[in-house]
file coords_38.tsv (TSV, C-alpha atoms)
chain	number	residue	atom	x	y	z
Q	20	MET	CA	-113.35	113.76	-10.04
Q	21	SER	CA	-116.11	116.29	-10.60
Q	22	LYS	CA	-119.48	116.21	-8.87
Q	23	LEU	CA	-122.34	114.72	-10.86
Q	24	LYS	CA	-125.72	116.40	-10.74
Q	25	LEU	CA	-128.12	114.63	-8.40
Q	26	VAL	CA	-130.82	112.52	-10.02
Q	27	GLY	CA	-133.93	111.58	-8.05
Q	28	GLY	CA	-134.21	111.83	-4.31
Q	29	ARG	CA	-136.79	113.50	-2.08
Q	30	PRO	CA	-136.31	117.16	-1.10
Q	31	ILE	CA	-136.16	118.01	2.57
Q	32	THR	CA	-139.21	119.70	4.10
Q	33	MET	CA	-139.27	122.70	6.41
Q	34	ASP	CA	-140.21	120.57	9.41
Q	35	GLU	CA	-137.43	118.08	8.65
Q	36	ALA	CA	-134.82	120.82	8.25
Q	37	VAL	CA	-135.74	122.42	11.56
Q	38	GLU	CA	-135.81	119.06	13.36
Q	39	LEU	CA	-132.50	117.97	11.81
Q	40	ARG	CA	-130.68	121.13	12.84
Q	41	GLN	CA	-132.20	121.03	16.33
Q	42	THR	CA	-131.29	117.35	16.78
Q	43	VAL	CA	-127.70	117.83	15.64
Q	44	PHE	CA	-126.82	121.39	16.68
Q	45	GLY	CA	-129.50	122.34	19.21
Q	46	SER	CA	-131.07	125.14	17.18
Q	47	ALA	CA	-132.35	125.88	13.69
Q	48	ALA	CA	-132.63	129.63	14.29
Q	49	SER	CA	-128.88	130.20	14.63
Q	50	PRO	CA	-126.07	129.11	12.31
Q	51	PRO	CA	-124.36	125.74	12.95
Q	52	ARG	CA	-120.70	125.47	13.87
Q	53	GLY	CA	-118.84	126.66	10.80
Q	54	GLU	CA	-116.29	123.83	10.55
Q	55	TRP	CA	-119.07	121.38	9.70
Q	56	THR	CA	-120.00	123.23	6.50
Q	57	ARG	CA	-116.42	123.59	5.24
Q	58	THR	CA	-114.60	120.37	6.20
Q	59	GLY	CA	-114.48	117.66	3.56
Q	60	ILE	CA	-113.26	114.07	3.88
Q	61	ASN	CA	-109.79	113.86	2.37
Q	62	PHE	CA	-106.80	111.53	2.20
Q	63	GLY	CA	-103.20	112.54	2.01
Q	64	ALA	CA	-101.37	112.00	-1.27
Q	65	ALA	CA	-101.88	108.51	-2.72
Q	66	ASN	CA	-99.03	106.04	-3.16
Q	67	GLY	CA	-96.84	107.14	-6.06
Q	68	VAL	CA	-98.33	110.64	-6.16
Q	69	ARG	CA	-96.10	113.53	-5.20
Q	70	HIS	CA	-97.79	116.74	-4.17
Q	71	PRO	CA	-95.67	119.90	-4.36
Q	72	THR	CA	-96.95	121.37	-1.09
Q	73	THR	CA	-97.14	118.32	1.20
Q	74	LEU	CA	-94.75	115.86	2.80
Q	75	PHE	CA	-97.57	113.54	3.82
Q	76	GLU	CA	-96.27	109.99	4.24
Q	77	TYR	CA	-99.34	107.92	5.05
Q	78	PRO	CA	-101.56	107.40	1.98
Q	79	TYR	CA	-104.03	105.27	3.97
Q	80	GLY	CA	-104.69	108.21	6.30
Q	81	LEU	CA	-107.35	110.89	6.27
Q	82	ARG	CA	-106.29	114.42	7.15
Q	83	THR	CA	-108.48	116.95	8.89
Q	84	PRO	CA	-107.89	120.09	10.97
Q	85	ARG	CA	-108.29	119.86	14.73
Q	86	ASN	CA	-111.97	120.68	14.85
Q	87	ALA	CA	-115.25	119.09	15.87
Q	88	THR	CA	-115.32	116.74	12.85
Q	89	ARG	CA	-112.20	114.84	13.89
Q	90	GLY	CA	-113.87	112.35	16.24
Q	91	MET	CA	-116.36	111.30	13.58
Q	92	GLN	CA	-113.68	111.14	10.89
Q	93	SER	CA	-111.53	109.00	13.20
Q	94	VAL	CA	-114.29	106.38	13.15
Q	95	LEU	CA	-114.30	106.56	9.36
Q	96	GLN	CA	-110.49	106.20	9.43
Q	97	ALA	CA	-110.79	103.04	11.53
Q	98	PHE	CA	-113.14	101.46	8.98
Q	99	ILE	CA	-110.75	102.46	6.17
Q	100	ILE	CA	-107.79	100.84	7.94
Q	101	LYS	CA	-109.86	97.70	8.54
Q	102	HIS	CA	-110.66	97.64	4.83
Q	103	PHE	CA	-107.03	97.86	3.73
Q	104	ILE	CA	-105.73	95.30	6.24
Q	105	PHE	CA	-108.55	92.77	6.52
Q	106	ASP	CA	-111.20	93.24	3.82
Q	107	VAL	CA	-109.24	93.48	0.56
Q	108	LYS	CA	-109.32	90.06	-1.14
Q	109	PRO	CA	-107.54	87.99	-2.22
Q	110	ARG	CA	-104.86	88.74	0.32
Q	111	ASP	CA	-101.38	87.29	0.19
Q	112	LYS	CA	-100.44	86.76	3.84
Q	113	SER	CA	-96.80	87.33	2.98
Q	114	VAL	CA	-97.49	90.97	2.04
Q	115	PRO	CA	-96.13	93.23	4.80
Q	116	LEU	CA	-98.38	95.73	6.55
Q	117	GLU	CA	-96.51	98.64	4.99
Q	118	GLU	CA	-97.52	97.49	1.51
Q	119	LEU	CA	-101.17	96.97	2.47
Q	120	LEU	CA	-101.27	100.59	3.62
Q	121	LYS	CA	-99.99	102.13	0.37
Q	122	PRO	CA	-103.19	102.59	-1.67
Q	123	THR	CA	-103.44	104.25	-5.06
Q	124	GLU	CA	-105.97	107.05	-5.62
Q	125	ALA	CA	-108.50	104.52	-6.96
Q	126	GLU	CA	-107.99	102.31	-3.90
Q	127	GLN	CA	-108.38	105.29	-1.59
Q	128	ALA	CA	-111.72	106.18	-3.23
Q	129	GLN	CA	-112.93	102.59	-3.04
Q	130	ALA	CA	-112.02	102.30	0.64
Q	131	LEU	CA	-113.84	105.57	1.40
Q	132	TYR	CA	-117.14	104.82	-0.30
Q	133	LEU	CA	-117.19	101.26	1.08
Q	134	ALA	CA	-116.48	102.54	4.61
Q	135	ILE	CA	-119.24	105.16	4.38
Q	136	SER	CA	-121.65	102.50	3.09
Q	137	ASP	CA	-120.74	100.02	5.85
Q	138	ILE	CA	-121.20	102.61	8.58
Q	139	LEU	CA	-124.64	103.71	7.34
Q	140	TRP	CA	-125.75	100.14	6.65
Q	141	ASN	CA	-124.88	99.17	10.23
Q	142	ILE	CA	-126.75	102.18	11.62
Q	143	GLY	CA	-129.78	101.12	9.58
Q	144	GLU	CA	-129.56	97.63	11.14
Q	145	LYS	CA	-128.64	96.15	7.74
Q	146	THR	CA	-132.14	96.77	6.38
Q	147	LYS	CA	-131.98	100.34	5.07
Q	148	ALA	CA	-129.83	103.44	4.86
Q	149	ILE	CA	-130.39	107.03	3.77
Q	150	PHE	CA	-127.97	109.39	2.06
Q	151	ALA	CA	-128.44	113.13	2.54
Q	152	LEU	CA	-126.85	115.15	-0.29
Q	153	PRO	CA	-127.36	118.80	-1.31
Q	154	GLY	CA	-128.72	119.98	-4.64
Q	155	GLU	CA	-128.18	123.40	-6.15
Q	156	ALA	CA	-131.36	125.18	-5.04
Q	157	SER	CA	-132.73	125.88	-1.58
Q	158	HIS	CA	-136.03	124.27	-0.61
Q	159	ILE	CA	-136.50	126.38	2.53
Q	160	PRO	CA	-136.41	130.19	2.90
Q	161	HIS	CA	-134.42	132.06	5.51
Q	162	SER	CA	-136.68	133.07	8.41
Q	163	HIS	CA	-136.75	133.75	12.14
Q	164	VAL	CA	-137.17	130.01	12.81
Q	165	TYR	CA	-134.66	128.77	10.25
Q	166	PHE	CA	-131.22	130.25	9.59
Q	167	GLN	CA	-129.90	129.10	6.22
Q	168	ASP	CA	-126.50	127.35	6.24
Q	169	ASN	CA	-126.25	126.68	2.48
Q	170	VAL	CA	-126.40	122.91	3.04
Q	171	THR	CA	-129.35	121.72	5.13
Q	172	GLU	CA	-132.02	123.60	3.16
Q	173	LYS	CA	-130.71	122.10	-0.12
Q	174	LEU	CA	-130.78	118.44	0.95
Q	175	PHE	CA	-132.27	115.54	-0.95
Q	176	PHE	CA	-132.78	112.15	0.73
Q	177	PHE	CA	-131.96	108.88	-1.05
Q	178	GLU	CA	-133.12	105.68	0.67
Q	179	PHE	CA	-131.69	102.23	-0.05
Q	180	THR	CA	-132.72	98.77	1.09
Q	181	THR	CA	-129.79	96.79	-0.37
Q	182	LEU	CA	-126.10	97.26	0.36
Q	183	ASP	CA	-125.05	96.74	-3.27
Q	184	GLU	CA	-127.24	99.57	-4.59
Q	185	MET	CA	-126.07	101.78	-1.78
Q	186	GLN	CA	-122.39	101.18	-2.60
Q	187	ILE	CA	-122.99	101.99	-6.27
Q	188	PHE	CA	-124.65	105.27	-5.26
Q	189	ALA	CA	-121.85	106.13	-2.80
Q	190	LYS	CA	-119.22	105.53	-5.49
Q	191	ARG	CA	-121.08	107.68	-8.03
Q	192	TYR	CA	-121.56	110.65	-5.69
Q	193	LEU	CA	-118.37	110.36	-3.64
Q	194	PRO	CA	-117.15	113.86	-4.68
Q	195	TYR	CA	-119.94	115.36	-2.57
Q	196	PHE	CA	-118.07	114.03	0.47
Q	197	THR	CA	-114.52	114.80	-0.68
Q	198	GLU	CA	-115.00	118.39	-1.89
Q	199	ASN	CA	-112.62	120.59	0.09
Q	200	PRO	CA	-113.55	123.03	1.41
Q	201	GLY	CA	-116.98	121.52	1.47
Q	202	PRO	CA	-119.58	119.98	3.77
Q	203	GLY	CA	-118.53	116.32	3.34
Q	204	ALA	CA	-118.21	115.66	7.08
Q	205	LEU	CA	-121.64	117.20	7.72
Q	206	LEU	CA	-123.20	115.13	4.93
Q	207	LEU	CA	-121.91	111.93	6.52
Q	208	LEU	CA	-123.23	113.02	9.92
Q	209	TYR	CA	-126.62	114.01	8.48
Q	210	SER	CA	-126.83	110.70	6.60
Q	211	ALA	CA	-126.10	108.83	9.84
Q	212	VAL	CA	-128.72	110.82	11.77
Q	213	VAL	CA	-131.56	110.37	9.26
Q	214	THR	CA	-130.68	106.70	8.83
Q	215	ARG	CA	-130.95	106.19	12.57
Q	216	GLY	CA	-134.10	108.35	12.72
Q	217	MET	CA	-134.22	111.58	14.69
Q	218	GLU	CA	-136.66	110.33	17.33
Q	219	ASN	CA	-134.60	107.18	17.85
Q	220	LEU	CA	-131.47	109.28	18.16
Q	221	ARG	CA	-132.98	111.56	20.80
Q	222	ASN	CA	-133.99	108.44	22.75
Q	223	ASP	CA	-130.43	107.15	22.42
Q	224	LEU	CA	-129.08	110.29	24.08
Q	225	ASP	CA	-131.18	109.62	27.20
Q	226	ALA	CA	-130.97	113.30	28.11
Q	227	PRO	CA	-133.38	116.08	29.10
Q	228	LYS	CA	-135.67	117.54	26.46
Q	229	GLY	CA	-133.79	119.85	24.13
Q	230	ALA	CA	-130.53	117.87	24.29
Q	231	HIS	CA	-128.71	117.53	20.98
Q	232	LEU	CA	-125.99	115.45	19.39
Q	233	MET	CA	-123.28	118.11	19.21
Q	234	GLY	CA	-121.31	119.15	22.27
Q	235	PRO	CA	-118.70	121.77	23.18
Q	236	TYR	CA	-115.80	119.36	22.68
Q	237	GLU	CA	-112.85	120.43	20.55
Q	238	GLU	CA	-112.71	117.24	18.47
Q	239	GLY	CA	-116.37	116.28	18.64
Q	240	SER	CA	-118.95	114.58	20.82
Q	241	LEU	CA	-118.51	110.98	21.97
Q	242	ASN	CA	-122.18	110.44	21.07
Q	243	ILE	CA	-121.31	110.97	17.40
Q	244	VAL	CA	-118.54	108.39	17.74
Q	245	THR	CA	-120.87	105.80	19.31
Q	246	LEU	CA	-123.49	106.48	16.62
Q	247	LEU	CA	-121.06	105.63	13.83
Q	248	LEU	CA	-119.40	102.78	15.74
Q	249	THR	CA	-122.43	101.00	17.17
Q	250	GLY	CA	-125.44	102.37	15.29
Q	251	ARG	CA	-126.79	104.08	18.41
Q	252	ALA	CA	-125.80	107.49	19.81
Q	253	THR	CA	-125.55	106.17	23.35
Q	254	PRO	CA	-123.57	107.99	26.04
Q	255	TYR	CA	-123.24	104.69	27.92
Q	256	LEU	CA	-120.28	102.47	27.06
Q	257	HIS	CA	-120.87	99.51	29.39
Q	258	ASN	CA	-122.05	96.14	28.08
Q	259	GLY	CA	-125.79	95.63	27.72
Q	260	VAL	CA	-128.48	97.26	29.84
Q	261	VAL	CA	-127.92	98.52	33.39
Q	262	TYR	CA	-130.79	99.60	35.63
Q	263	VAL	CA	-130.02	102.68	37.70
Q	264	GLY	CA	-132.12	103.93	40.60
Q	265	ASP	CA	-132.32	104.30	44.36
Q	266	GLU	CA	-134.79	103.78	47.17
Q	267	ASP	CA	-136.66	106.95	46.22
Q	268	HIS	CA	-136.83	106.38	42.45
Q	269	TYR	CA	-137.74	103.57	40.12
Q	270	ALA	CA	-134.76	101.92	38.46
Q	271	LEU	CA	-134.46	103.14	34.87
Q	272	PRO	CA	-132.56	101.37	32.10
Q	273	GLN	CA	-129.34	102.72	30.64
Q	274	PHE	CA	-128.77	101.10	27.26
Q	275	GLY	CA	-125.08	100.56	26.69
Q	276	ILE	CA	-123.34	98.53	23.98
Q	277	LEU	CA	-125.70	95.78	22.86
Q	278	GLY	CA	-123.32	93.80	20.66
Q	279	ARG	CA	-119.70	93.37	19.65
Q	280	GLY	CA	-118.75	95.32	16.53
Q	281	SER	CA	-115.89	95.14	14.06
Q	282	ILE	CA	-114.20	98.28	15.47
Q	283	GLY	CA	-113.46	98.93	19.14
Q	284	LEU	CA	-113.13	102.00	21.36
Q	285	LEU	CA	-110.56	102.82	24.05
Q	286	ILE	CA	-110.75	105.92	26.26
Q	287	TRP	CA	-108.50	107.56	28.81
Q	288	GLU	CA	-109.71	110.91	30.04
Q	289	GLY	CA	-106.76	112.00	32.12
Q	290	GLU	CA	-106.96	112.95	35.75
Q	291	ASN	CA	-110.41	114.49	35.40
Q	292	GLU	CA	-112.27	112.23	37.81
Q	293	ALA	CA	-115.61	113.86	37.00
Q	294	MET	CA	-115.31	112.54	33.45
Q	295	ARG	CA	-114.33	109.01	34.52
Q	296	SER	CA	-117.70	107.62	35.59
Q	297	ALA	CA	-118.30	103.91	35.12
Q	298	SER	CA	-120.79	104.51	32.30
Q	299	ARG	CA	-118.08	106.30	30.31
Q	300	GLN	CA	-115.56	103.46	30.56
Q	301	PRO	CA	-115.79	101.07	27.60
Q	302	GLY	CA	-116.90	97.55	28.44
Q	303	SER	CA	-115.48	94.37	26.96
Q	304	ARG	CA	-117.61	94.62	23.81
Q	305	LEU	CA	-115.80	97.82	22.86
Q	306	LYS	CA	-112.41	96.78	24.19
Q	307	THR	CA	-112.46	93.46	22.31
Q	308	PRO	CA	-113.88	94.03	18.81
Q	309	ALA	CA	-114.01	91.51	15.97
Q	310	THR	CA	-110.85	92.96	14.40
Q	311	PRO	CA	-107.86	94.54	16.18
Q	312	VAL	CA	-108.74	98.12	15.25
Q	313	TRP	CA	-109.79	100.69	17.87
Q	314	VAL	CA	-110.86	104.31	17.79
Q	315	SER	CA	-109.03	105.95	20.67
Q	316	CYS	CA	-109.91	109.03	22.71
Q	317	CYS	CA	-106.99	110.18	24.83
Q	318	CYS	CA	-107.62	113.30	26.92
Q	319	GLY	CA	-110.23	114.41	24.37
Q	320	HIS	CA	-108.00	113.82	21.32
Q	321	PHE	CA	-108.98	111.11	18.83
Q	322	GLY	CA	-106.85	108.62	16.93
Q	323	VAL	CA	-106.82	105.01	15.73
Q	324	LEU	CA	-104.89	102.05	17.15
Q	325	PHE	CA	-104.45	98.92	15.01
Q	326	ASN	CA	-102.64	95.63	14.54
Q	327	SER	CA	-102.50	93.46	11.41
Q	328	ASN	CA	-103.04	90.05	13.09
Q	329	ARG	CA	-106.71	89.07	12.97
Q	330	GLU	CA	-106.01	86.40	15.63
Q	331	LEU	CA	-104.70	88.93	18.15
Q	332	LEU	CA	-107.95	89.09	20.10
Q	333	ARG	CA	-108.79	85.42	19.65
Q	334	ASN	CA	-105.55	83.80	20.76
Q	335	TYR	CA	-104.15	84.36	24.23
Q	336	HIS	CA	-100.62	83.62	23.08
Q	337	ALA	CA	-100.81	86.30	20.36
Q	338	GLU	CA	-101.42	88.95	23.03
Q	339	LYS	CA	-98.23	88.15	24.93
Q	340	ARG	CA	-96.13	90.39	22.69
Q	341	PHE	CA	-97.24	92.24	19.57
Q	342	GLU	CA	-96.84	95.36	17.49
Q	343	LEU	CA	-99.36	98.18	17.81
Q	344	HIS	CA	-99.71	101.17	15.48
Q	345	TYR	CA	-101.23	104.56	16.24
Q	346	TYR	CA	-102.42	107.17	13.74
Q	347	THR	CA	-104.16	110.53	14.14
Q	348	LEU	CA	-105.81	112.69	11.51
Q	349	ALA	CA	-103.15	115.32	12.13
Q	350	GLY	CA	-100.86	113.00	10.16
Q	351	CYS	CA	-99.12	111.65	13.26
Q	352	TYR	CA	-97.97	108.01	13.17
Q	353	LEU	CA	-96.32	105.96	15.89
Q	354	SER	CA	-95.48	102.26	16.24
Q	355	MET	CA	-94.75	100.40	19.44
Q	356	THR	CA	-94.31	96.97	20.97
Q	357	VAL	CA	-96.80	95.89	23.63
Q	358	ASP	CA	-95.36	93.21	25.91
Q	359	ASN	CA	-97.68	91.43	28.34
Q	360	ARG	CA	-95.19	88.78	29.46
Q	361	GLN	CA	-94.03	88.55	33.05
Q	362	GLN	CA	-90.41	89.59	32.59
Q	363	GLU	CA	-87.52	89.01	34.89
Q	364	GLU	CA	-85.22	91.81	35.87
Q	365	GLY	CA	-82.80	92.55	33.07
Q	366	ALA	CA	-85.12	91.39	30.28
Q	367	ASP	CA	-84.73	94.79	28.66
Q	368	ASP	CA	-81.08	94.20	27.80
Q	369	GLY	CA	-80.33	94.34	24.13
Q	370	GLN	CA	-83.08	96.71	23.06
Q	371	GLU	CA	-82.21	98.86	20.09
Q	372	ASP	CA	-80.83	102.34	20.63
Q	373	GLY	CA	-83.44	105.01	20.11
Q	374	GLU	CA	-86.27	102.92	21.58
Q	375	ARG	CA	-87.83	104.68	24.54
Q	376	LYS	CA	-88.56	102.39	27.48
Q	377	GLN	CA	-91.43	102.76	29.87
Q	378	ASN	CA	-89.14	101.87	32.80
Q	379	ASP	CA	-88.11	104.64	35.17
Q	380	MET	CA	-90.40	107.22	33.63
Q	381	VAL	CA	-93.91	108.51	34.02
Q	382	SER	CA	-96.31	106.85	31.60
Q	383	THR	CA	-97.48	109.00	28.72
Q	384	PRO	CA	-101.23	109.58	28.22
Q	385	LEU	CA	-101.13	107.19	25.24
Q	386	GLU	CA	-99.59	104.45	27.41
Q	387	ARG	CA	-102.26	104.96	30.03
Q	388	LEU	CA	-104.91	104.62	27.36
Q	389	ILE	CA	-103.38	101.34	26.17
Q	390	HIS	CA	-103.29	100.15	29.78
Q	391	THR	CA	-107.10	100.38	29.91
Q	392	LYS	CA	-107.01	97.30	27.63
Q	393	TRP	CA	-103.70	95.66	28.61
Q	394	MET	CA	-103.23	96.67	32.25
Q	395	GLU	CA	-99.72	95.33	32.97
Q	396	ALA	CA	-98.24	95.82	29.52
Q	397	LYS	CA	-94.78	97.20	28.98
Q	398	ILE	CA	-94.86	99.58	26.03
Q	399	THR	CA	-91.78	100.36	23.96
Q	400	TYR	CA	-91.97	103.04	21.28
Q	401	HIS	CA	-90.04	102.56	18.06
Q	402	GLY	CA	-88.07	105.75	17.73
Q	403	PRO	CA	-88.80	109.16	19.25
Q	404	LEU	CA	-92.32	110.40	19.87
Q	405	PRO	CA	-93.54	112.65	17.02
Q	406	ALA	CA	-93.63	116.34	17.86
Q	407	SER	CA	-97.26	116.47	16.63
Q	408	LEU	CA	-98.29	113.95	19.33
Q	409	ASN	CA	-99.61	116.09	22.14
Q	410	PHE	CA	-102.53	115.64	24.52
call {"tool": "encode", "arguments": {"input": "coords_38.tsv", "output": "structure tokens"}}
result
Amino acid sequence: MSKLKLVGGRPITMDEAVELRQTVFGSAASPPRGEWTRTGINFGAANGVRHPTTLFEYPYGLRTPRNATRGMQSVLQAFIIKHFIFDVKPRDKSVPLEELLKPTEAEQAQALYLAISDILWNIGEKTKAIFALPGEASHIPHSHVYFQDNVTEKLFFFEFTTLDEMQIFAKRYLPYFTENPGPGALLLLYSAVVTRGMENLRNDLDAPKGAHLMGPYEEGSLNIVTLLLTGRATPYLHNGVVYVGDEDHYALPQFGILGRGSIGLLIWEGENEAMRSASRQPGSRLKTPATPVWVSCCCGHFGVLFNSNRELLRNYHAEKRFELHYYTLAGCYLSMTVDNRQQEEGADDGQEDGERKQNDMVSTPLERLIHTKWMEAKITYHGPLPASLNF
């Protein structure tokens, strides 16, 4: 699908361009990280489509290089998986999960523009959202205060106050996000930032003056993940508001997760105790979302965990033993059984050959991440661990 020429919109101003780059990247006078201007949002081959240069097997899955866009795109992937499993109607409950996750090209495109719309609409508190898309000409000259990046200085802003109109626009201009190489990931991030409002976002960060959204992390900042997941770029993952202070200072509020969303977040940061502060451990609102889909961050590497039973987090009995699926944007897929039952010795007898037991072995980082939600669970992988799964 070719890009349509933009119609309407408001061109970005010099002050807005400088503020946007400073808020996201920390500076407008130096170039932004290059991967953001050349990483689009792309699926693997659709169901029934054979590509001569790829063996990609998961048509529901986005693919992106291991760069700073992957954390943000993992949130988008979680919304896409939720769409295919839970949002597509009417749904025949007898259809197996494998069939739900075999979209055509048209179904891939629909899932993508609906996921983008839902994310921005939630950030705008379901009252407004703003798309930021580039035109052909620059509105801002190169100077000592602004270094052109071929994207920011060309932006137009399109504001919407109804979800329906927003979805129509997202469908029409979807190729701006999927062009590859192209700035699709950056356009989604910019749209999220201007929808939230740059002053609001800086307040969310609760950091010293000059702090910005981007960080030095290989797969992206957790603040970007919380912005897209919760609508606020908070570094605090606990439930609600916690007041922090001591006898020499007034207690100041730390605004954590203010409500339960449709997608959750699980984190395990390895043995780095400095990174395992209480404020960085997800509270119950992130661990128990409305649907059984979680963005995961395991030793700094992002992925998505999911289950197809909507009742999993509502019914205690459903959590006793269930299937869990894991996907990363490197194209890695893994399925496993999570067993929370108190088992007697010998209960493992009869397991299929090729299944790797947790017994008598050191837990993998992925198992430890899952244990942050299900502490005593026994985890059995179905088949060998993929070679691409490394933390």
call {"tool": "closest_residue", "arguments": {"input": "coords_38.tsv", "among": "Q:Thr123, Q:Ser162, Q:Asn86, Q:Ser315", "to": "Thr245 of chain Q", "atoms": "only C-alpha atoms"}}
result
Q:Ser315
call {"tool": "closest_residue", "arguments": {"input": "coords_38.tsv", "among": "Q:Leu120, Q:Leu353, Q:Leu271, Q:Ala65", "to": "Val323 of chain Q", "atoms": "only C-alpha atoms"}}
result
Q:Leu353
call {"tool": "residues_around", "arguments": {"input": "coords_38.tsv", "residues": "segment 198-213 of chain Q", "least_positions_apart": "4", "cutoff": "6 Å", "atoms": "all atoms listed in the file", "output": "PDB file with C-alpha atoms, in the coordinates of the input"}}
result
ATOM      1  CA  TRP Q  55    -119.070 121.380   9.700  1.00  0.00           C
ATOM      2  CA  THR Q  56    -120.000 123.230   6.500  1.00  0.00           C
ATOM      3  CA  ARG Q  57    -116.420 123.590   5.240  1.00  0.00           C
ATOM      4  CA  THR Q  58    -114.600 120.370   6.200  1.00  0.00           C
ATOM      5  CA  GLY Q  59    -114.480 117.660   3.560  1.00  0.00           C
ATOM      6  CA  ILE Q  60    -113.260 114.070   3.880  1.00  0.00           C
ATOM      7  CA  LEU Q 139    -124.640 103.710   7.340  1.00  0.00           C
ATOM      8  CA  ILE Q 149    -130.390 107.030   3.770  1.00  0.00           C
ATOM      9  CA  PHE Q 150    -127.970 109.390   2.060  1.00  0.00           C
ATOM     10  CA  ALA Q 151    -128.440 113.130   2.540  1.00  0.00           C
ATOM     11  CA  PRO Q 194    -117.150 113.860  -4.680  1.00  0.00           C
TER      12      PRO Q 194
END
call {"tool": "residues_around", "arguments": {"input": "coords_38.tsv", "residues": "segment 230-240 of chain Q", "least_positions_apart": "2", "cutoff": "9 Å", "atoms": "only C-alpha atoms", "output": "MDAnalysis selection string"}}
result
chainID Q and resid 41:46 85:91 220:221 224:228 242:244 252 319:321
call {"tool": "residues_around", "arguments": {"input": "coords_38.tsv", "residues": "Lys339 of chain Q", "least_positions_apart": "3", "cutoff": "12 Å", "atoms": "all atoms listed in the file", "output": "PyMOL selection string"}}
result
chain Q and resi 331-332+334-336+342+356-362+393+395-398
call {"tool": "closest_residue", "arguments": {"input": "coords_38.tsv", "among": "Q:Arg40, Q:Arg279, Q:Lys190, Q:His344", "to": "Ser136 of chain Q", "atoms": "only C-alpha atoms"}}
result
Q:Lys190
call {"tool": "residues_around", "arguments": {"input": "coords_38.tsv", "residues": "segment 283-289 of chain Q", "least_positions_apart": "4", "cutoff": "8 Å", "atoms": "only C-alpha atoms", "output": "NGL selection string"}}
result
:Q and (248 or 294-295 or 300-301 or 304-308 or 311-319 or 384 or 387-389 or 391-392)
call {"tool": "residues_around", "arguments": {"input": "coords_38.tsv", "residues": "segment 140-147 of chain Q", "least_positions_apart": "2", "cutoff": "6 Å", "atoms": "all atoms listed in the file", "output": "MDAnalysis selection string"}}
result
chainID Q and resid 136:138 179:180 214:215 250
call {"tool": "closest_residue", "arguments": {"input": "coords_38.tsv", "among": "Q:Gly402, Q:Pro51, Q:Pro272, Q:Gly350", "to": "Phe166 of chain Q", "atoms": "all atoms listed in the file"}}
result
Q:Pro51
call {"tool": "atom_distance", "arguments": {"input": "coords_38.tsv", "atom1": "atom CA of Tyr262 of chain Q", "atom2": "atom CA of Phe274 of chain Q"}}
result
8.7 Å
call {"tool": "closest_residue", "arguments": {"input": "coords_38.tsv", "among": "Q:Tyr192, Q:Phe105, Q:Tyr345, Q:Tyr255", "to": "Asn328 of chain Q", "atoms": "only C-alpha atoms"}}
result
Q:Phe105
call {"tool": "atom_distance", "arguments": {"input": "coords_38.tsv", "atom1": "atom CA of Glu76 of chain Q", "atom2": "atom CA of Ile100 of chain Q"}}
result
15.2 Å
call {"tool": "closest_residue", "arguments": {"input": "coords_38.tsv", "among": "Q:Ile282, Q:Ser21, Q:Gly53, Q:Val164", "to": "His102 of chain Q", "atoms": "all atoms listed in the file"}}
result
Q:Ile282
call {"tool": "atom_distance", "arguments": {"input": "coords_38.tsv", "atom1": "atom CA of Glu38 of chain Q", "atom2": "atom CA of Gln167 of chain Q"}}
result
13.7 Å
call {"tool": "axis_aligned_box", "arguments": {"input": "coords_38.tsv", "around": "segment 48-60 of chain Q", "padding_each_side": "4 Å", "output": "JSON"}}
result
{"center_x": -122.9, "center_y": 122.1, "center_z": 9.1, "size_x": 27.4, "size_y": 24.1, "size_z": 19.1}
